[in-house]
Amino acid sequence: MAAANPAKTLQEEATCSICLDYFKDPVMIIDCGHNFCRACITQCLWGWETNLSCPCCRGSFLRRNLKPNRQLANVAEVAKQLSLQLFKEPRGERVCEKHLETLKLFCKEDQTPICVVCDRSKEHRAHTVVPIEEAAQEYKKEVEAERQKIVSEFQQLRLFLEEQEKHRLGRLGELDKEIVKMRDENATKYSKALSCLSDMVCEIEGKCQQPASEFLQVIRSTLSRCKTGKGKFQNPTAESPDWRRRIKELSQETVSLQDAVKKFKESLPSETVLKSANVSFDPATAHPRFVVSKRRKSVRWGDTRQDLPYSPKRFDPSRCVLGCEGFTSGKHCWMVEVGDGGNWAVGVARESVRRKGEISLDPEGGIWAMGLCRGQYRVLTSPVTLLTLSGSPTRILVCLEYEEVLVTFIDIDSMARIFSFPSASFTGEKIFPFFRVGDMQTHLRLLPCITG
């Protein structure tokens with residue numbers, strides 16, 4: 001009788017009964033014909049040299065009767081690829097490549113969708129897992145909250161600038177009215193003075209036409225009246241000293257406002273910087289004690305130091321790790337969740353940064369970073385630059401502008417610029433995201449950037 005679901009049957013036949021995953025390097029027990037992954041059966045038989053029994057039928061067998069089953073390995077690979085195609089839902093829902101189940105859950109630790117089988121596995125058993133729709137709604141709410149926050153901040157800034165504009169234009173208008181008033185008063189005074197002087201000139205000219213005897217009798221009194229009349233008219237004030245002082249103060253206030261707006265603009269990365277880079281942690285560079293998640297989106301301290309082969313790429317003994325992606329041009333940013341960890345650093349590093357022995361965590365050593373150490377936020381310079389922050393940032397946006405040789409750190413929660421490395425010396429090298437995890441309480445996660 002034909003199987004009701006041949007694809008499902010094929011999947012089961014190509015699955016190891018120990019790890020419940022597709023066979024990897026399968027071996028067959030000749031005595032009973034059961035197959036297992038080589039690593040799985042080796043682990044089950046560890047410490048035993050005799051009295052070996054099959055995990056399925058409990059039948060006895062000799063270790064030399066374990067034979068590779070290359071045909072089954074090929075069948076398992078074909079079954080895996082075939083199942084990926086057949087088990088996709090008509091609605092286009094994604095399925096787990098490992099278990100061929102619909103991705104209905106979301107692991108917050110590793111920031112990745114998982115299936116119900118993954119949820120029960122050792123890898124995710126201790127992680128915080130929520131329904132994928134719930135996780136999507138949480139991120140949508142977070143994005144909306146950030147959008148509302150940014151809109152509110154810029155609305156307040158716009159209202160403030162409008163008030164400043166109205167206030168300053170009003171003060172300039174008042175000064176303009178006073179100047180116009182003084183100009184009109186001066187014009188009236190000049191007009192009266194000119195009229196009186198004209199009358200005096202006409203009178204004197206008339207006196208000059210009289211006979212000498214009469215002219216001499218009246219000229220003294222006429223000149224005396226001219227002097228007295230002239231003293232009544234004073235030159236109008238050309239300008240008020242108070243006006244000059246008030247205009248100067250207004251100009252200084254405007255310059256201060258321009259400086260504040262300039263600083264605000266400098267604190268905001270350009271539109272192209274806000275384009276998110278797909279950054280992930282590079283296990284090949286991680287300290288031997290670091291545990292990098294399967295999706296390479298989180299890193300933390302492990303319980304023990306891993307026995308790993310020597311690699312010139314790996315940081316040892318420095319507790320550091322680089323991102324997988326490097327940059328030689330353009331503007332990029334990535335968001336790092338630092339949580340409430342007590343010892344961490346984030347930033348960028350040259351590809352040629354030293355990775356063995358003592359390294360210099362500063363620009364001279366090819367690292368541009370900031371972080372938290374012993375309760376103090378600091379920039380990794382030589383000597384370190386201590387920072388005074390209004391709060392404790394939990395999410396840091398790292399912005400790299402390669403051509404501008406600029407590295408900027410922004411507190412996502414307050415949208416405030418923390419620090420900028422101007423004129424960083426990249427010397428044409430590839431620049432990688434840089435991370436440091438200094439203690440077991442620190443857990444770094446790479447999050448999707450919230451951009452407009």
# chains A, B, ... in the order shown; residues from 1 in each chain; ligands from 1

$ residues_around --residues "Leu446 in chain A" --least-positions-apart "5" --cutoff "10 Å" --atoms "only C-alpha atoms" --output "PyMOL selection string"
chain A and resi 110-111+278-281+296-299+334-338+395-396

$ residues_around --residues "Gln11 in chain A" --least-positions-apart "4" --cutoff "10 Å" --atoms "only C-alpha atoms" --output "VMD selection string"
chain A and resid 6 to 7 15 21 to 22 75 to 76 78 to 80 82 to 83 99 to 100

$ residues_around --residues "Asn51 in chain A" --least-positions-apart "5" --cutoff "12 Å" --atoms "only C-alpha atoms" --output "list in words"
Leu45, Arg58, Gly59, Ser60, Phe61, Leu62 and Arg63 of chain A

$ write_last_selection --atoms "N, CA, C and O atoms" --output "compact mmCIF listing (two decimals), in the first residue's frame"
# COMPACT_ATOMS: atom_id res chain seq x y z
N LEU A 45 28.39 5.15 22.43
CA LEU A 45 29.27 4.03 22.79
C LEU A 45 30.52 4.48 23.52
O LEU A 45 31.42 3.66 23.77
N ARG A 58 18.74 -3.00 20.58
CA ARG A 58 19.50 -3.52 21.70
C ARG A 58 20.27 -4.79 21.36
O ARG A 58 20.74 -5.51 22.26
N GLY A 59 20.41 -5.07 20.06
CA GLY A 59 21.18 -6.24 19.65
C GLY A 59 22.67 -6.01 19.82
O GLY A 59 23.17 -4.90 19.62
N SER A 60 23.40 -7.06 20.19
CA SER A 60 24.85 -6.93 20.40
C SER A 60 25.58 -6.89 19.07
O SER A 60 25.14 -7.50 18.08
N PHE A 61 26.71 -6.20 19.05
CA PHE A 61 27.53 -6.16 17.84
C PHE A 61 28.96 -5.80 18.22
O PHE A 61 29.24 -5.32 19.33
N LEU A 62 29.87 -6.03 17.29
CA LEU A 62 31.28 -5.70 17.48
C LEU A 62 31.58 -4.33 16.83
O LEU A 62 30.98 -3.98 15.81
N ARG A 63 32.50 -3.59 17.40
CA ARG A 63 32.81 -2.25 16.89
C ARG A 63 33.28 -2.31 15.44
O ARG A 63 33.02 -1.38 14.67

$ closest_residue --among "A:Glu174, A:Asp362, A:Glu165, A:Asp307" --to "Phe421 in chain A" --atoms "only C-alpha atoms"
A:Asp362

$ decode --residues "range 127-162 of chain A" --atoms "N, CA and C atoms" --output "compact mmCIF listing (two decimals), in the first residue's frame"
# COMPACT_ATOMS: atom_id res chain seq x y z
N HIS A 127 15.99 29.84 26.04
CA HIS A 127 15.79 31.17 25.45
C HIS A 127 14.35 31.65 25.60
N THR A 128 14.17 32.94 25.46
CA THR A 128 12.83 33.52 25.46
C THR A 128 12.24 33.41 24.07
N VAL A 129 11.14 32.68 23.95
CA VAL A 129 10.52 32.42 22.65
C VAL A 129 9.07 32.89 22.69
N VAL A 130 8.63 33.61 21.65
CA VAL A 130 7.25 34.10 21.55
C VAL A 130 6.73 33.76 20.16
N PRO A 131 5.39 33.75 19.98
CA PRO A 131 4.84 33.54 18.64
C PRO A 131 5.36 34.60 17.67
N ILE A 132 5.59 34.19 16.44
CA ILE A 132 6.22 35.10 15.47
C ILE A 132 5.36 36.32 15.21
N GLU A 133 4.01 36.14 15.24
CA GLU A 133 3.13 37.29 15.04
C GLU A 133 3.27 38.29 16.19
N GLU A 134 3.42 37.76 17.41
CA GLU A 134 3.60 38.63 18.57
C GLU A 134 4.90 39.41 18.48
N ALA A 135 5.97 38.72 18.05
CA ALA A 135 7.26 39.41 17.89
C ALA A 135 7.17 40.50 16.84
N ALA A 136 6.46 40.20 15.74
CA ALA A 136 6.31 41.20 14.68
C ALA A 136 5.56 42.41 15.19
N GLN A 137 4.50 42.17 15.99
CA GLN A 137 3.74 43.28 16.55
C GLN A 137 4.58 44.11 17.51
N GLU A 138 5.42 43.43 18.30
CA GLU A 138 6.30 44.16 19.22
C GLU A 138 7.24 45.09 18.46
N TYR A 139 7.83 44.57 17.38
CA TYR A 139 8.75 45.41 16.60
C TYR A 139 8.01 46.54 15.91
N LYS A 140 6.78 46.24 15.44
CA LYS A 140 5.99 47.31 14.81
C LYS A 140 5.66 48.41 15.82
N LYS A 141 5.31 47.99 17.06
CA LYS A 141 5.03 48.98 18.10
C LYS A 141 6.28 49.78 18.43
N GLU A 142 7.42 49.09 18.46
CA GLU A 142 8.68 49.79 18.76
C GLU A 142 9.02 50.79 17.67
N VAL A 143 8.84 50.37 16.42
CA VAL A 143 9.09 51.28 15.30
C VAL A 143 8.15 52.48 15.36
N GLU A 144 6.86 52.20 15.64
CA GLU A 144 5.88 53.29 15.71
C GLU A 144 6.20 54.23 16.86
N ALA A 145 6.62 53.67 18.01
CA ALA A 145 6.99 54.51 19.15
C ALA A 145 8.17 55.40 18.81
N GLU A 146 9.17 54.83 18.13
CA GLU A 146 10.33 55.63 17.73
C GLU A 146 9.93 56.71 16.73
N ARG A 147 9.02 56.34 15.82
CA ARG A 147 8.56 57.33 14.85
C ARG A 147 7.84 58.48 15.53
N GLN A 148 6.94 58.14 16.48
CA GLN A 148 6.21 59.18 17.21
C GLN A 148 7.16 60.06 18.01
N LYS A 149 8.18 59.42 18.59
CA LYS A 149 9.15 60.17 19.38
C LYS A 149 9.92 61.17 18.52
N ILE A 150 10.35 60.69 17.34
CA ILE A 150 11.10 61.57 16.44
C ILE A 150 10.21 62.70 15.92
N VAL A 151 8.96 62.36 15.55
CA VAL A 151 8.03 63.38 15.07
C VAL A 151 7.79 64.43 16.15
N SER A 152 7.61 63.97 17.42
CA SER A 152 7.37 64.90 18.52
C SER A 152 8.57 65.82 18.74
N GLU A 153 9.78 65.23 18.71
CA GLU A 153 10.98 66.04 18.93
C GLU A 153 11.13 67.11 17.85
N PHE A 154 10.92 66.71 16.60
CA PHE A 154 11.07 67.69 15.52
C PHE A 154 9.93 68.70 15.53
N GLN A 155 8.73 68.31 16.00
CA GLN A 155 7.63 69.25 16.11
C GLN A 155 7.96 70.32 17.15
N GLN A 156 8.50 69.87 18.28
CA GLN A 156 8.89 70.83 19.32
C GLN A 156 9.99 71.76 18.82
N LEU A 157 10.94 71.19 18.07
CA LEU A 157 12.01 72.02 17.52
C LEU A 157 11.45 73.05 16.53
N ARG A 158 10.50 72.61 15.70
CA ARG A 158 9.90 73.53 14.73
C ARG A 158 9.16 74.67 15.43
N LEU A 159 8.38 74.35 16.48
CA LEU A 159 7.66 75.37 17.23
C LEU A 159 8.63 76.33 17.91
N PHE A 160 9.73 75.77 18.45
CA PHE A 160 10.72 76.63 19.10
C PHE A 160 11.33 77.62 18.10
N LEU A 161 11.69 77.11 16.92
CA LEU A 161 12.28 77.99 15.91
C LEU A 161 11.28 79.03 15.42
N GLU A 162 10.00 78.65 15.31
CA GLU A 162 8.99 79.61 14.90
C GLU A 162 8.83 80.70 15.94
